[in-house]
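Undergrad: Just passing along the structure, written as structure tokens.
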Amino acid sequence: MSSGASITDNPSNEARDPAYFGYYAMLQHQQNMLQDTVRTSTYRSAILLNTECFENKLVMDVGAGSGILSYFAVQAGAKKVYAVEASDMAKKMKKLVQAASLPAGQSKNEFLKDRVEVIQAKIEDSSVKVPKVDTIISEPIGVLLVHERMIESFIYARDNFLKPGGHLFPNKGTMYLAPFTDALLFTETMGKARFWEQTTFHGVDLSPLYPDAKAEMFGMPVVGHFDPKSLLATPTPLIDGYEMDFNTITMKALRDFVIPISWKAQYTGLMHGVAGWFDLLFSGNPTSEASQPIEMSTGPSAEKTHWQQVRFLFREPLAVNSGQEIRGWMHCVVNDMRSYTVDIEVIAGHHGELSDPAQPFEPLLEKQAKQQGHSLRTATTTGTVADLELETDNGEEDGLQFSRRRGRWELHEQSYNYSYTGTANDLLTKPEHLCMYEPENVDDPYGGISYTV
């Protein structure tokens, strides 16, 4: 899929659905989410502190999973909750709800009796027949906010089942990007690729596959927590975030969007790639003085969540100086794997013109293949074809040098890195320990100029 793929192609989720819904039908995976105390407590607070959006109201829970949000809605006074869940977790939810109607002495969770109706279907199915509701609740969020494409179902429910003036929980998501340095992660990733450099592996020369291995290893977004001190620049809330207002966003805008990048490096060092995370906002009823907005962050400085953060690792680091401008964009287009194809381009410095994100670029391996006179494609572990490559451009414009990095990642082809645990020793970490160098003090006797004797 090229970065210029048309959203009119409207990639379907259907082929991915059996595995996707099979995963969420398992109690162990629901438990993983329930035990994310940040996630669960944030939703509970948002619902119970904004009871005017629930008390005596009709509520829909989209992608209800274990049903926990439906149960919170009942606790907040909902008259009726329609819990829509496509996986077989709906059967387990029904079992829990039906236990509320057992004879006296045997019943469980009696507050749920006659208050929750479980519907096993995708919200888009024509079999879903429910009245318009006052409030829609959902946890449609994946890695980097949009992975798994459940927000599309949330928006579909908004357009088809929400009363005019109704409320969404959450009502806004904001994505953040930042440049990071991590020499250890880069070295580990190179180490995996270098296995394929061997020329005498049990008598077999593996080296023809080394370029493919490097492209594959670096083409996998790295999910995991990382040290916030490894950021070469810190995004500013309300300025650098890319907002998705779930009250107004369209399907078209959700399926193909570009996030502009503009950073000012705070340190001199090597930029190994781009990190990303998101925040959620639950505004409640913004027209009411009783509304109590609740926010949740998945950033590297916030309390840990099961979403963690994601990093897109460059195949070649980009050298940046403190105070230098870093410009670029991230282009996200839906694919048929319940996820997104992600293109990123950055340029260090004021010079050099950014490419048009809508225009496809020729992957590096394709260029090499043409030079070798044959077609070369990169097979992924899923058996699909990866168009994911990194283009390095140390260019010159009107005699002025600049450096560009551009790459492609499939958001669903994730690798994981759990090396950062966030211990008390982090307080002792200084920028130079991470190979990040602070700018010279402009008030020093040399006026901020470094002299080597």
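Residues are named by chain letter and number: chains run A, B, ... in the order of the structure tokens, numbers start at 1 in each chain, and ligands are numbered from 1 in the order shown.
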Name all residues at most 9 Å from Phe257 (chain A) (count only C-alpha atoms; drop same-chain ones fewer than 4 positions away) and give them as a short mmCIF file (atom, residue, chain, number, x, y, z; two decimals) with N, CA and C atoms, in the first residue's frame.

TA:
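The new file out14.cif reads:
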data_model
loop_
_atom_site.label_atom_id
_atom_site.label_comp_id
_atom_site.auth_asym_id
_atom_site.auth_seq_id
_atom_site.Cartn_x
_atom_site.Cartn_y
_atom_site.Cartn_z
N LYS A 252 -13.91 9.99 6.94
CA LYS A 252 -12.87 10.31 5.97
C LYS A 252 -11.64 10.88 6.66
N ALA A 253 -11.86 11.79 7.60
CA ALA A 253 -10.74 12.41 8.31
C ALA A 253 -10.04 11.40 9.22
N MET A 330 3.80 13.20 9.88
CA MET A 330 3.44 11.78 9.97
C MET A 330 2.13 11.61 9.21
N HIS A 331 2.12 10.68 8.27
CA HIS A 331 0.93 10.41 7.45
C HIS A 331 0.39 9.04 7.82
N CYS A 332 -0.85 8.97 8.24
CA CYS A 332 -1.49 7.73 8.68
C CYS A 332 -2.66 7.40 7.75
N VAL A 333 -2.64 6.21 7.16
CA VAL A 333 -3.70 5.75 6.27
C VAL A 333 -4.14 4.36 6.72
#

Undergrad: Env of region 207-220 of chain A: 7 Å cut, atoms = only C-alpha atoms, seq-sep filter 3 positions within chain, self excluded. Answer as a short mmCIF file (atom, residue, chain, number, x, y, z; two decimals) with C-alpha atoms, in the first residue's frame.

TA:
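Once everything was written out, this is around.cif:
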data_model
loop_
_atom_site.label_atom_id
_atom_site.label_comp_id
_atom_site.auth_asym_id
_atom_site.auth_seq_id
_atom_site.Cartn_x
_atom_site.Cartn_y
_atom_site.Cartn_z
CA THR A 189 17.68 -3.85 16.66
CA ALA A 193 19.42 -7.83 11.70
CA ARG A 194 23.13 -8.69 11.73
CA TRP A 196 21.56 -12.40 8.61
CA GLU A 197 25.03 -11.07 7.73
CA GLN A 198 26.54 -14.47 8.43
CA THR A 199 28.31 -16.05 5.48
CA LEU A 313 13.00 3.69 14.82
CA PHE A 314 15.06 5.12 11.97
CA ARG A 315 17.47 2.82 10.15
CA THR A 378 10.32 -7.75 1.34
CA THR A 380 7.01 -10.08 6.31
CA LEU A 388 8.36 -0.30 4.56
CA GLU A 389 11.75 1.22 3.94
CA ARG A 408 7.28 3.56 6.55
CA TRP A 409 5.89 1.38 9.31
CA GLU A 410 2.83 -0.88 9.56
CA GLU A 413 3.49 -5.23 12.97
CA GLN A 414 4.68 -4.35 16.45
CA SER A 415 7.73 -5.43 18.40
#

Undergrad: Write out as a list in words which residues come within 6 Å of region 114-130 of chain A when counting only C-alpha atoms, dropping same-chain ones fewer than 2 positions away.

TA: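 Counting only C-alpha atoms, the residues come to Lys80, Val81, Tyr82, Ala83, Val84, Glu85, Ala86, Ala90 and Leu112 of chain A.
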
Undergrad: Compare A:Leu185, A:Val204, A:Ala25, A:Leu49 by their minimum atom-to-atom distance to Asp227 (chain A), counting only C-alpha atoms, and give me the closest one.

TA: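 Going through A:Leu185, A:Val204, A:Ala25, A:Leu49 one by one, the smallest distance to Asp227 (chain A) is for A:Leu185.
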
Undergrad: Using only C-alpha atoms for the distances, tell me which of A:Val342, A:Ile68, A:Ala275, A:Met175 is nearest to Arg39 (chain A).

TA: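 Going through A:Val342, A:Ile68, A:Ala275, A:Met175 one by one, the smallest distance to Arg39 (chain A) is for A:Ile68.
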
Undergrad: If we count only C-alpha atoms, what is near Val346 (chain A) at a cut-off of 8 Å, once residues fewer than 6 positions away on the same chain are taken out, given as a ChimeraX atom specification?

TA: /A:261,326-329,354,404-406

Undergrad: If you keep N, CA and C atoms, can you produce a file of those selected residues as a PDB file, in the first residue's frame?

TA:
ATOM      1  N   ILE A 261       4.803  18.099  11.953  1.00  0.00           N
ATOM      2  CA  ILE A 261       5.860  17.999  12.960  1.00  0.00           C
ATOM      3  C   ILE A 261       6.668  19.291  12.961  1.00  0.00           C
ATOM      4  N   ILE A 326      13.478  20.978  13.784  1.00  0.00           N
ATOM      5  CA  ILE A 326      13.206  19.687  13.148  1.00  0.00           C
ATOM      6  C   ILE A 326      11.795  19.766  12.580  1.00  0.00           C
ATOM      7  N   ARG A 327      11.686  19.646  11.258  1.00  0.00           N
ATOM      8  CA  ARG A 327      10.392  19.777  10.589  1.00  0.00           C
ATOM      9  C   ARG A 327       9.996  18.448   9.956  1.00  0.00           C
ATOM     10  N   GLY A 328       8.700  18.262   9.765  1.00  0.00           N
ATOM     11  CA  GLY A 328       8.276  17.044   9.096  1.00  0.00           C
ATOM     12  C   GLY A 328       6.795  16.788   9.216  1.00  0.00           C
ATOM     13  N   TRP A 329       6.444  15.522   9.030  1.00  0.00           N
ATOM     14  CA  TRP A 329       5.042  15.109   9.123  1.00  0.00           C
ATOM     15  C   TRP A 329       4.955  13.600   9.365  1.00  0.00           C
ATOM     16  N   LEU A 354      10.183  19.775   2.367  1.00  0.00           N
ATOM     17  CA  LEU A 354       9.517  18.528   2.731  1.00  0.00           C
ATOM     18  C   LEU A 354       8.759  17.963   1.538  1.00  0.00           C
ATOM     19  N   ARG A 404      17.643  14.555   5.791  1.00  0.00           N
ATOM     20  CA  ARG A 404      16.252  14.104   5.773  1.00  0.00           C
ATOM     21  C   ARG A 404      16.201  12.612   6.122  1.00  0.00           C
ATOM     22  N   ARG A 405      15.169  12.225   6.852  1.00  0.00           N
ATOM     23  CA  ARG A 405      14.881  10.816   7.074  1.00  0.00           C
ATOM     24  C   ARG A 405      13.410  10.587   6.746  1.00  0.00           C
ATOM     25  N   ARG A 406      13.153   9.500   6.016  1.00  0.00           N
ATOM     26  CA  ARG A 406      11.768   9.151   5.700  1.00  0.00           C
ATOM     27  C   ARG A 406      11.621   7.646   5.761  1.00  0.00           C
TER      28      ARG A 406
END
